[in-house]
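coords.cif follows (mmCIF, C-alpha atoms and all ligand atoms):
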```cif
data_final
#
loop_
_atom_site.label_atom_id
_atom_site.label_comp_id
_atom_site.auth_asym_id
_atom_site.auth_seq_id
_atom_site.Cartn_x
_atom_site.Cartn_y
_atom_site.Cartn_z
CA MET A 1 14.04 -3.96 -28.01
CA PRO A 2 11.29 -6.34 -29.08
CA MET A 3 12.17 -9.88 -30.07
CA HIS A 4 11.01 -11.00 -33.52
CA GLY A 5 8.52 -8.19 -33.84
CA LYS A 6 6.76 -8.97 -30.54
CA PHE A 7 6.35 -6.59 -27.64
CA GLU A 8 7.72 -7.76 -24.29
CA CYS A 9 7.03 -5.95 -21.05
CA ASN A 10 9.83 -6.17 -18.49
CA LEU A 11 7.18 -6.63 -15.74
CA GLN A 12 8.97 -4.18 -13.46
CA GLY A 13 5.90 -2.07 -12.76
CA CYS A 14 7.61 1.05 -14.11
CA CYS A 15 4.33 2.32 -15.59
CA CYS A 16 2.48 1.88 -12.26
CA ALA A 17 4.39 4.70 -10.54
CA ASN A 18 4.54 8.43 -11.30
CA LEU A 19 1.16 8.09 -12.92
CA ARG A 20 0.32 11.74 -13.42
CA GLY A 21 1.32 13.83 -16.39
CA GLN A 22 1.37 10.89 -18.79
CA ILE A 23 -1.54 11.87 -21.01
CA SER A 24 -0.36 13.20 -24.34
CA LYS A 25 -1.63 16.00 -26.57
CA ASP A 26 -2.77 13.35 -29.09
CA GLU A 27 -4.94 11.64 -26.49
CA ILE A 28 -6.52 14.93 -25.38
CA GLU A 29 -7.27 15.82 -29.00
CA GLU A 30 -8.83 12.41 -29.49
CA TYR A 31 -11.01 12.83 -26.35
CA ASN A 32 -12.11 16.28 -27.54
CA PHE A 33 -12.90 14.89 -30.97
CA ARG A 34 -15.08 12.15 -29.47
CA ASN A 35 -16.90 14.83 -27.48
CA LYS A 36 -17.85 16.77 -30.60
CA ASN A 37 -21.29 17.67 -29.31
CA GLY A 38 -19.83 19.00 -26.06
CA GLN A 39 -21.90 16.98 -23.55
CA ILE A 40 -18.96 15.80 -21.49
CA TYR A 41 -17.01 17.73 -18.87
CA TYR A 42 -13.56 17.01 -17.52
CA LEU A 43 -13.64 17.65 -13.78
CA MET A 44 -9.87 17.71 -13.55
CA PRO A 45 -7.32 18.67 -16.17
CA PRO A 46 -6.19 15.65 -18.24
CA LYS A 47 -2.60 16.25 -17.09
CA ASP A 48 -3.74 15.05 -13.62
CA TRP A 49 -5.36 11.85 -14.91
CA THR A 50 -3.72 8.59 -13.93
CA ILE A 51 -5.58 5.30 -14.51
CA ASN A 52 -9.06 5.79 -15.98
CA LEU A 53 -11.74 3.45 -14.70
CA PHE A 54 -15.20 2.45 -15.88
CA GLU A 55 -18.16 2.47 -13.49
CA TRP A 56 -18.22 -1.33 -13.06
CA GLU A 57 -14.46 -1.35 -12.36
CA VAL A 58 -14.82 1.24 -9.60
CA LYS A 59 -17.18 -1.00 -7.63
CA ARG A 60 -14.88 -4.01 -7.96
CA LEU A 61 -11.72 -2.06 -7.12
CA ILE A 62 -13.28 -0.73 -3.91
CA GLU A 63 -14.21 -4.29 -2.89
CA ILE A 64 -10.69 -5.56 -3.63
CA ALA A 65 -9.13 -2.66 -1.71
CA LYS A 66 -11.28 -3.55 1.32
CA GLU A 67 -10.31 -7.23 1.08
CA LYS A 68 -6.62 -6.29 0.89
CA ASN A 69 -6.85 -3.48 3.41
CA VAL A 70 -5.47 -1.00 0.89
CA ASN A 71 -6.47 2.65 0.96
CA VAL A 72 -7.72 3.61 -2.49
CA GLU A 73 -8.99 7.06 -3.53
CA LEU A 74 -11.11 7.33 -6.67
CA LYS A 75 -12.63 10.50 -8.10
CA PRO A 76 -14.96 11.12 -11.05
CA ASN A 77 -12.98 12.84 -13.80
CA ILE A 78 -15.29 12.66 -16.83
CA ILE A 79 -18.93 13.57 -16.27
CA LEU A 80 -22.22 14.61 -17.81
CA PHE A 81 -24.55 17.03 -16.07
CA ASP A 82 -28.29 16.40 -16.18
CA GLU A 83 -30.13 19.71 -16.35
CA LYS A 84 -33.45 18.02 -15.55
CA GLN A 85 -32.54 16.51 -12.20
CA LYS A 86 -29.48 18.69 -11.56
CA VAL A 87 -27.23 15.73 -10.92
CA GLY A 88 -23.82 14.73 -12.18
CA ILE A 89 -23.38 11.45 -14.07
CA ALA A 90 -19.86 10.09 -13.96
CA ILE A 91 -18.65 8.10 -16.93
CA GLY A 92 -14.99 7.92 -15.94
CA TRP A 93 -13.08 7.79 -12.64
CA ASN A 94 -9.51 8.60 -11.87
CA LEU A 95 -7.26 6.66 -9.51
CA GLU A 96 -6.17 9.48 -7.21
CA HIS A 97 -2.63 8.35 -6.48
CA ASP A 98 0.71 9.35 -7.94
CA ASN A 99 1.87 5.76 -7.46
CA CYS A 100 -0.66 2.94 -7.66
CA PRO A 101 -1.49 1.63 -4.15
CA PHE A 102 -1.69 -1.92 -5.55
CA LEU A 103 1.95 -1.89 -6.63
CA SER A 104 3.91 -4.04 -4.22
CA ASN A 105 7.62 -4.88 -4.62
CA LEU A 106 7.43 -3.73 -8.25
CA LYS A 107 4.61 -6.19 -8.95
CA CYS A 108 0.88 -5.70 -9.37
CA SER A 109 -0.80 -7.23 -6.31
CA ILE A 110 -4.14 -7.50 -8.16
CA TYR A 111 -2.76 -8.68 -11.49
CA THR A 112 -5.63 -11.00 -12.47
CA GLU A 113 -8.16 -8.31 -11.56
CA ARG A 114 -6.29 -5.22 -12.75
CA PRO A 115 -8.36 -2.58 -14.57
CA LEU A 116 -8.63 -2.53 -18.33
CA ALA A 117 -6.52 0.66 -18.52
CA CYS A 118 -3.64 -1.41 -17.08
CA ARG A 119 -4.21 -4.38 -19.38
CA LEU A 120 -4.01 -2.35 -22.58
CA TYR A 121 -0.85 -0.55 -21.53
CA PRO A 122 1.28 0.66 -23.34
CA LEU A 123 -1.12 0.78 -26.33
CA LYS A 124 -3.08 3.74 -25.08
CA GLY A 125 -4.76 4.90 -28.25
CA ILE A 126 -5.40 4.05 -31.89
CA PHE A 127 -6.95 6.70 -34.07
CA GLU A 128 -7.13 7.73 -37.68
CA PRO A 129 -6.13 11.21 -38.75
CA GLU A 130 -6.35 12.03 -42.47
CA ASP A 131 -2.82 10.93 -43.31
CA GLY A 132 -3.01 7.38 -41.91
CA THR A 133 -3.47 5.58 -38.60
CA ALA A 134 -1.68 6.93 -35.53
CA PHE A 135 -0.97 5.23 -32.21
CA VAL A 136 -0.20 6.39 -28.71
CA PHE A 137 2.47 4.22 -27.08
CA LYS A 138 3.75 4.76 -23.58
CA CYS A 139 6.72 2.53 -23.09
CA PRO A 140 10.41 2.82 -23.96
CA ARG A 141 10.41 -0.86 -24.94
CA VAL A 142 8.11 -0.29 -27.92
CA ASP A 143 10.13 -0.27 -31.10
CA LYS A 144 8.61 2.79 -32.76
CA ASN A 145 10.47 2.11 -36.03
CA TYR A 146 8.33 -0.96 -36.37
CA PHE A 147 5.33 1.36 -36.82
CA GLY A 148 7.03 3.93 -39.04
CA ALA A 149 4.77 3.66 -42.09
CA LYS A 150 1.41 5.38 -42.19
CA LEU A 151 -1.09 2.59 -42.71
CA LYS A 152 -4.78 2.23 -43.36
CA MET A 153 -6.70 1.30 -40.20
CA ALA A 154 -7.31 -2.37 -41.15
CA GLU A 155 -3.60 -2.96 -41.89
CA ALA A 156 -2.56 -1.08 -38.75
CA LEU A 157 -4.83 -3.20 -36.56
CA LYS A 158 -3.35 -6.42 -37.95
CA LEU A 159 0.17 -5.16 -37.34
CA LEU A 160 -0.71 -4.18 -33.78
CA ARG A 161 -2.32 -7.58 -33.17
CA SER A 162 0.80 -9.42 -34.27
CA TYR A 163 3.13 -7.11 -32.29
CA PHE A 164 1.15 -6.70 -29.05
CA GLY A 165 -0.94 -9.92 -28.78
CA ASP A 166 -3.34 -9.70 -25.81
CA ILE A 167 -2.54 -6.02 -25.20
CA PHE A 168 -4.00 -5.25 -28.61
CA TYR A 169 -7.27 -7.04 -27.80
CA TYR A 170 -7.58 -5.19 -24.48
CA SER A 171 -6.98 -1.88 -26.22
CA GLU A 172 -9.77 -2.65 -28.71
CA GLN A 173 -12.00 -3.91 -25.90
CA ASN A 174 -11.55 -0.54 -24.21
CA HIS A 175 -12.48 1.18 -27.46
CA PHE A 176 -15.68 -0.91 -27.79
CA LEU A 177 -16.62 -0.29 -24.14
CA ASN A 178 -16.20 3.46 -24.69
CA ARG A 179 -18.51 3.11 -27.68
CA TYR A 180 -20.99 1.24 -25.46
CA THR A 181 -20.95 4.23 -23.07
CA ILE A 182 -21.55 6.65 -25.95
CA GLU A 183 -24.47 4.51 -27.20
CA LEU A 184 -25.99 4.49 -23.74
CA ILE A 185 -25.72 8.29 -23.52
CA LYS A 186 -27.37 8.62 -26.96
CA PHE A 187 -30.15 6.23 -25.89
CA ILE A 188 -31.11 8.23 -22.80
CA THR A 189 -30.71 11.58 -24.54
CA ASN A 190 -32.99 10.49 -27.41
CA LYS A 191 -35.54 9.13 -24.94
CA GLY A 192 -35.56 12.51 -23.18
CA LYS A 193 -34.46 10.88 -19.90
CA PHE A 194 -31.42 13.05 -19.68
CA LYS A 195 -31.01 16.69 -20.67
CA PRO A 196 -27.38 17.52 -21.29
CA ASN A 197 -26.12 21.05 -21.16
CA ARG A 198 -24.47 21.78 -24.48
CA SER A 199 -23.56 25.42 -24.21
CA LYS A 200 -22.32 26.44 -20.78
CA PRO A 201 -18.63 26.06 -19.90
CA LEU A 202 -17.52 23.91 -16.98
CA ASP A 203 -16.57 26.91 -14.84
CA PHE A 204 -20.16 28.12 -15.03
CA PHE A 205 -21.28 24.80 -13.58
CA ARG A 206 -18.50 23.92 -11.24
CA LYS A 207 -20.19 25.06 -8.01
CA LYS A 208 -23.46 23.42 -9.01
CA ILE A 209 -21.66 20.19 -9.83
CA GLU A 210 -19.69 20.20 -6.60
CA LYS A 211 -22.91 20.55 -4.60
CA SER A 212 -24.96 18.07 -6.63
CA LYS A 213 -25.24 14.32 -6.26
CA MET A 214 -23.07 12.21 -8.52
CA TYR A 215 -24.11 8.85 -9.95
CA GLY A 216 -22.54 6.35 -12.29
CA LEU A 217 -24.24 6.17 -15.69
CA GLU A 218 -25.75 2.70 -15.25
CA GLU A 219 -26.60 3.54 -11.64
CA PHE A 220 -28.43 6.72 -12.75
CA LEU A 221 -30.48 4.73 -15.28
CA GLN A 222 -31.36 1.99 -12.82
CA LEU A 223 -32.41 4.55 -10.19
CA ASN A 224 -34.68 6.15 -12.77
CA ASN A 225 -36.22 2.78 -13.73
CA ILE A 226 -34.98 3.05 -17.30
CA PRO A 227 -34.68 -0.47 -18.76
CA ILE A 228 -31.09 -1.02 -19.81
CA GLU A 229 -30.85 -4.82 -19.46
CA LYS A 230 -30.20 -5.16 -23.20
CA TYR A 231 -27.29 -2.70 -22.96
CA VAL A 232 -25.81 -4.23 -19.82
CA LYS A 233 -25.93 -7.70 -21.43
CA GLN A 234 -24.11 -6.29 -24.45
CA ARG A 235 -21.50 -4.73 -22.16
CA GLU A 236 -20.99 -7.99 -20.25
CA GLU A 237 -20.52 -9.83 -23.54
CA LEU A 238 -17.89 -7.30 -24.60
CA GLN A 239 -16.10 -7.86 -21.28
CA ASN A 240 -15.62 -11.56 -22.00
CA ILE A 241 -12.12 -11.38 -23.45
CA GLU A 242 -12.15 -14.83 -25.07
CA SER A 243 -15.29 -14.20 -27.10
CA PHE A 244 -14.11 -10.65 -27.78
CA LYS A 245 -10.87 -12.00 -29.28
CA LYS A 246 -12.82 -14.34 -31.55
CA MET A 247 -15.01 -11.48 -32.69
CA MET A 248 -12.00 -9.24 -33.45
CA ASP A 249 -10.21 -12.03 -35.31
CA THR A 250 -13.30 -12.67 -37.41
CA ILE A 251 -13.50 -8.98 -38.32
CA LEU A 252 -9.77 -8.60 -39.02
CA ASP A 253 -9.38 -11.83 -40.95
CA ALA A 254 -12.48 -11.34 -43.09
CA ASN A 255 -10.25 -10.01 -45.88
CA GLY A 256 -7.35 -12.46 -45.54
CA SER A 257 -5.22 -13.18 -42.47
CA GLN A 258 -1.79 -11.95 -41.44
S1 LIG A 301 4.73 -1.71 -20.25
FE1 LIG A 301 6.71 -0.75 -20.55
S2 LIG A 301 6.81 0.87 -19.03
FE2 LIG A 301 5.20 -0.58 -18.37
S3 LIG A 301 6.20 -2.09 -17.00
FE3 LIG A 301 6.22 -2.92 -19.09
S4 LIG A 301 8.22 -2.29 -19.91
FE4 LIG A 301 7.80 -0.96 -18.13
S1 LIG A 302 -3.54 -1.98 -10.74
FE1 LIG A 302 -1.68 -3.13 -10.99
S2 LIG A 302 -1.13 -2.88 -13.16
FE2 LIG A 302 -2.60 -1.27 -12.65
S3 LIG A 302 -1.36 0.51 -12.08
FE3 LIG A 302 -1.85 -0.62 -10.21
S4 LIG A 302 -0.11 -1.99 -9.87
FE4 LIG A 302 -0.05 -1.29 -12.00
#
```

Take the structure from the file and write it as structure tokens.
Amino acid sequence: MPMHGKFECNLQGCCCANLRGQISKDEIEEYNFRNKNGQIYYLMPPKDWTINLFEWEVKRLIEIAKEKNVNVELKPNIILFDEKQKVGIAIGWNLEHDNCPFLSNLKCSIYTERPLACRLYPLKGIFEPEDGTAFVFKCPRVDKNYFGAKLKMAEALKLLRSYFGDIFYYSEQNHFLNRYTIELIKFITNKGKFKPNRSKPLDFFRKKIEKSKMYGLEEFLQLNNIPIEKYVKQREELQNIESFKKMMDTILDANGSQ
């Protein structure tokens, strides 16, 4: 149970093993909602997802794995398909292991460099259905009674900040970085640099996708000489957790602090 309304992880690495099958119906609904215009395809069923990684995390994780001589398998799981160039554009990668290969003696061997999906755990999702804010928690140590009341988003965020501390900021950082990705997709779609398929189901495409080249989103843009420096700078600023915390606190405390 939490002490004085604060979450405490037991640091036993229990959420770093048996990674598959943890995604809930709420999370899938939220992903589908965000993909209202149907541009995004899931290359594997969400039940098989483990740790979701951003493009820039994939590169770093591969480097770390080489340095540590750890075998790591990563696969694109969320993609766009460009009808113009007939290439896949990955916007999410899955860690293809049932148990994380960086877990060693129940401890994370890359703790200071662990992916964002690990940092925000167990606060996996915050969303706002009509009847109040809902959360997705994935840890038996979260006192769910503490979050019993249906709250407005601003109140809910303050409560989560006081209960989860840094975990809350990482969860919001993840949310902002997902928004960054969506903005980047809108930017290239509006500029006509990318032609999404909006009508055909994944099964129709699957063979084409399997045979086509796959790029990361930023990689695709750079290869096509599309200037995205402004966007990348914005993304790097979002990744700075100290300035991100200040920004979140300013937003949350604008109407009185908790
Ligand atoms: S977040 Fe929860 S499930 Fe994960 S290691 Fe900590 S106590 Fe265990
Ligand atoms: S990277 Fe570290 S924190 Fe993340 S799942 Fe692996 S062992 Fe756990």

Hey, which bits of chain A sit within 7 Å of ligand LIG 302 (chain A), and for each residue what's the closest pair of atoms and how far apart in Å (one decimal), counting only C-alpha atoms and all ligand atoms, rows by chain and increasing number, as a tab-separated table?
```
residue	atom	partner	partner_atom	distance
A:Gly13	CA	A:LIG302	FE4	6.0
A:Cys15	CA	A:LIG302	FE4	6.7
A:Cys16	CA	A:LIG302	FE4	4.1
A:Ile51	CA	A:LIG302	S3	6.8
A:Cys100	CA	A:LIG302	FE3	4.5
A:Pro101	CA	A:LIG302	FE3	6.5
A:Phe102	CA	A:LIG302	S4	4.6
A:Leu103	CA	A:LIG302	S4	3.8
A:Lys107	CA	A:LIG302	S4	6.4
A:Cys108	CA	A:LIG302	S4	3.9
A:Ser109	CA	A:LIG302	FE1	6.3
A:Ile110	CA	A:LIG302	FE1	5.8
A:Tyr111	CA	A:LIG302	FE1	5.7
A:Arg114	CA	A:LIG302	S1	4.7
A:Pro115	CA	A:LIG302	S1	6.2
A:Cys118	CA	A:LIG302	FE2	4.6
```

Just the number, please: distance in Å from CA of Arg179 (chain A) to CA of Glu63 (chain A), one decimal. 26.2 Å

Would you mind listing the residues within 7 Å of ligand LIG 301 (chain A), counting only C-alpha atoms and all ligand atoms, as a list in words? Cys9, Asn10, Leu11, Gln12, Gly13, Cys14, Cys15, Tyr121, Pro122, Lys138, Cys139, Pro140 and Arg141 of chain A

Distance query Tyr215 (chain A) at most 10 Å, all atoms listed in the file, self and fewer than 6 positions along chain excluded, as a PDB file with C-alpha atoms, in the coordinates of the input:
```
ATOM      1  CA  GLU A  55     -18.160   2.470 -13.490  1.00  0.00           C
ATOM      2  CA  PRO A  76     -14.960  11.120 -11.050  1.00  0.00           C
ATOM      3  CA  ILE A  79     -18.930  13.570 -16.270  1.00  0.00           C
ATOM      4  CA  LEU A  80     -22.220  14.610 -17.810  1.00  0.00           C
ATOM      5  CA  VAL A  87     -27.230  15.730 -10.920  1.00  0.00           C
ATOM      6  CA  GLY A  88     -23.820  14.730 -12.180  1.00  0.00           C
ATOM      7  CA  ILE A  89     -23.380  11.450 -14.070  1.00  0.00           C
ATOM      8  CA  ALA A  90     -19.860  10.090 -13.960  1.00  0.00           C
ATOM      9  CA  ILE A  91     -18.650   8.100 -16.930  1.00  0.00           C
ATOM     10  CA  LEU A 221     -30.480   4.730 -15.280  1.00  0.00           C
ATOM     11  CA  LEU A 223     -32.410   4.550 -10.190  1.00  0.00           C
TER      12      LEU A 223
END
```

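One distance worth recording is that between CA of Gly216 (chain A) and CA of Gly92 (chain A), which is 8.5 Å.
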
Considering all atoms listed in the file, can you say which of A:Gln39, A:Ser104, A:Ser212, A:Thr133 comes closest to Ala156 (chain A)?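 Checking each candidate against Ala156 (chain A), we get A:Thr133 as the closest.
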
When you count only C-alpha atoms, which of these residues is closest to Ile228 (chain A): A:Ile64, A:Met44, A:Leu184, A:Leu53? A:Leu184

Of the listed residues A:His175, A:Lys158, A:Lys144, A:Lys191, that which approaches Phe127 (chain A) most closely, counting only C-alpha atoms: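 With only C-alpha atoms as the atom set, the closest residue is A:His175.
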
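Minimum atom-to-atom distances from A:Glu73, A:Asp253, A:Glu242, A:Glu128 to Arg161 (chain A) were compared using only C-alpha atoms, and the lowest value belongs to A:Asp253.
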
Using all atoms listed in the file, which of the listed residues (A:Tyr169, A:Asn174, A:Lys193, A:Asn32) sits closest to Gln222 (chain A)? A:Lys193

CA of Val136 (chain A) to CA of Lys124 (chain A): how many Å, to one decimal? 5.3 Å

Of the listed residues A:Leu217, A:Ile126, A:Leu74, A:Ile251, that which approaches Phe194 (chain A) most closely, counting all atoms listed in the file: A:Leu217

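All residues of protein, DNA or RNA that reach within 10 Å of Asp98 (chain A), judged by all atoms listed in the file and not counting those fewer than 2 positions away in the chain, are A:Cys16, A:Ala17, A:Asn18, A:Leu19, A:Arg20, A:Gly21, A:Asp48, A:Trp49, A:Thr50, A:Ile51, A:Leu95, A:Glu96, A:Cys100, A:Pro101.
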
Mind giving me the axis-aligned box for region 170-183 of chain A with 4 Å on every side, centre plus edges in Å to one decimal, as lines of an AutoDock Vina configuration file?
```
center_x = -15.7
center_y = 0.7
center_z = -25.9
size_x = 25.5
size_y = 19.8
size_z = 13.6
```
